[in-house]
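Have a look at the structure below before the remarks.
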Amino acid sequence: MFNNVNNPFGNRAISSSTSSDSHGRRQKEDPKEELKKYIDEDEPDEVKIGGLPILTENEILAMTNSYISNLKNEHEGNEKVIKKLDKYLEKFDVKKFMKKNPNMTSPDFYMVMYNETEGLVN
């Protein structure tokens, strides 16, 4: 009786989202089979956003020097922080840094550098 009230589909019948067999009886899909279907699909575990290039040794070294000099400029009145940043820069080993953080892009670099230098400036 109320099927046609405010029905955007006109006089067409509205069917349920469940499938029905040839006799009109409704049957639901087995949830285990549906779950298996999603598990069996092979998807890559990592997604690269933006497709940024991986940084080289020279780029990481230059970016580190630039990052530390910017931090020094921000804290130029605090000698303790500047000494800590100079010490960090002296001990910085590019090869160890790259081995510890492989396939690094520029956003990754800034995130890692922030985490490593946050304790030095606070």
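FYI, nothing fancy with the structure tokens labels: chains A, B, ... in order, residues from 1 per chain, ligands from 1 as they appear.
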
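Excluding Asn101 in chain A and any residue on its chain fewer than 6 positions from it, the residues at most 9 Å away by only C-alpha atoms are Asp108, Phe109 and Val112 of chain A.
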
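Closest approach to Lys96 in chain A among A:Glu118, A:Glu74, A:Glu57, A:Asp30: A:Glu57, based on only C-alpha atoms.
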
Residue with smallest distance to Ala62 in chain A - pool A:Ile82, A:Leu89, A:Thr117, A:His75, counting only C-alpha atoms: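 Smallest distance to Ala62 in chain A is found for A:Leu89.
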
Polymer residues at most 12 Å from Ser66 in chain A, only C-alpha atoms, same-chain spacing of 4 or more positions, as a CSV table (one decimal) with N, CA, C and O atoms, in the first residue's frame:
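selection_25.csv, freshly written:
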chain,number,residue,atom,x,y,z
A,59,GLU,N,72.1,14.0,-1.1
A,59,GLU,CA,70.9,14.8,-0.8
A,59,GLU,C,70.5,14.8,0.7
A,59,GLU,O,70.2,15.8,1.3
A,60,ILE,N,70.7,13.6,1.3
A,60,ILE,CA,70.4,13.5,2.8
A,60,ILE,C,71.4,14.3,3.5
A,60,ILE,O,71.1,15.0,4.5
A,61,LEU,N,72.7,14.3,3.1
A,61,LEU,CA,73.7,15.1,3.8
A,61,LEU,C,73.4,16.6,3.7
A,61,LEU,O,73.5,17.3,4.7
A,62,ALA,N,73.1,17.0,2.5
A,62,ALA,CA,72.8,18.4,2.3
A,62,ALA,C,71.5,18.8,3.1
A,62,ALA,O,71.5,19.9,3.7
A,70,ASN,N,68.9,25.6,10.1
A,70,ASN,CA,67.6,26.3,10.4
A,70,ASN,C,67.3,26.2,11.8
A,70,ASN,O,66.8,27.2,12.4
A,71,LEU,N,67.6,25.0,12.5
A,71,LEU,CA,67.3,24.9,13.9
A,71,LEU,C,68.3,25.9,14.7
A,71,LEU,O,67.8,26.5,15.7
A,72,LYS,N,69.5,26.0,14.2
A,72,LYS,CA,70.4,26.9,14.9
A,72,LYS,C,69.9,28.3,14.8
A,72,LYS,O,70.0,29.1,15.8
A,73,ASN,N,69.4,28.7,13.7
A,73,ASN,CA,68.9,30.1,13.5
A,73,ASN,C,67.7,30.3,14.4
A,73,ASN,O,67.5,31.4,14.9
A,85,LEU,N,73.3,20.8,18.8
A,85,LEU,CA,73.1,20.6,17.4
A,85,LEU,C,74.4,20.5,16.7
A,85,LEU,O,74.5,19.6,15.7
A,89,LEU,N,75.6,17.2,14.5
A,89,LEU,CA,76.0,17.2,13.2
A,89,LEU,C,77.4,16.6,13.0
A,89,LEU,O,77.7,15.9,12.0
A,110,TYR,N,62.1,14.6,6.8
A,110,TYR,CA,61.8,15.6,7.8
A,110,TYR,C,61.1,15.1,9.0
A,110,TYR,O,61.3,15.6,10.1
A,113,MET,N,64.0,13.4,11.1
A,113,MET,CA,64.9,14.5,11.6
A,113,MET,C,64.2,15.2,12.8
A,113,MET,O,64.8,15.5,13.8

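Proximity ranking of A:Lys99, A:Lys84, A:Val94, A:Met104 relative to Asn58 in chain A places A:Val94 first, based on only C-alpha atoms.
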
Which residue of A:Asn115, A:Leu35, A:Pro53, A:Tyr88 approaches Ser69 in chain A most closely, using only C-alpha atoms: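 Under the stated criterion, the closest residue is A:Tyr88.
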
Distance of CA of Asn65 in chain A from CA of Val81 in chain A, expressed in Å to one decimal place: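 Pair CA of Val81 in chain A / CA of Asn65 in chain A returns 15.5 Å.
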
Test item, alpha helix (DSSP H) assignment across range 33-118 of chain A, answer as a ChimeraX atom specification: /A:33-40,57-74,79-91,94-100,106-118

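Residues in contact range of Leu55 in chain A, defined as at most 8 Å between only C-alpha atoms, with sequence neighbours fewer than 6 positions away removed, read Asn103, Met104, Thr105 and Ser106 of chain A.
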
Filtering to N, CA, C and O atoms, could you give me those residues as a PDB file, in the first residue's frame?
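Saved as selection-v3.pdb:
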ATOM      1  N   ASN A 103      64.968   3.577   1.876  1.00  0.00           N
ATOM      2  CA  ASN A 103      63.977   4.085   0.909  1.00  0.00           C
ATOM      3  C   ASN A 103      63.288   5.347   1.401  1.00  0.00           C
ATOM      4  O   ASN A 103      62.070   5.480   1.351  1.00  0.00           O
ATOM      5  N   MET A 104      64.073   6.297   1.856  1.00  0.00           N
ATOM      6  CA  MET A 104      63.525   7.508   2.438  1.00  0.00           C
ATOM      7  C   MET A 104      63.250   8.564   1.372  1.00  0.00           C
ATOM      8  O   MET A 104      64.077   8.832   0.519  1.00  0.00           O
ATOM      9  N   THR A 105      62.059   9.173   1.454  1.00  0.00           N
ATOM     10  CA  THR A 105      61.713  10.305   0.605  1.00  0.00           C
ATOM     11  C   THR A 105      61.842  11.573   1.442  1.00  0.00           C
ATOM     12  O   THR A 105      62.061  11.507   2.654  1.00  0.00           O
ATOM     13  N   SER A 106      61.679  12.721   0.826  1.00  0.00           N
ATOM     14  CA  SER A 106      61.877  13.965   1.572  1.00  0.00           C
ATOM     15  C   SER A 106      60.887  14.135   2.736  1.00  0.00           C
ATOM     16  O   SER A 106      61.307  14.575   3.812  1.00  0.00           O
TER      17      SER A 106
END
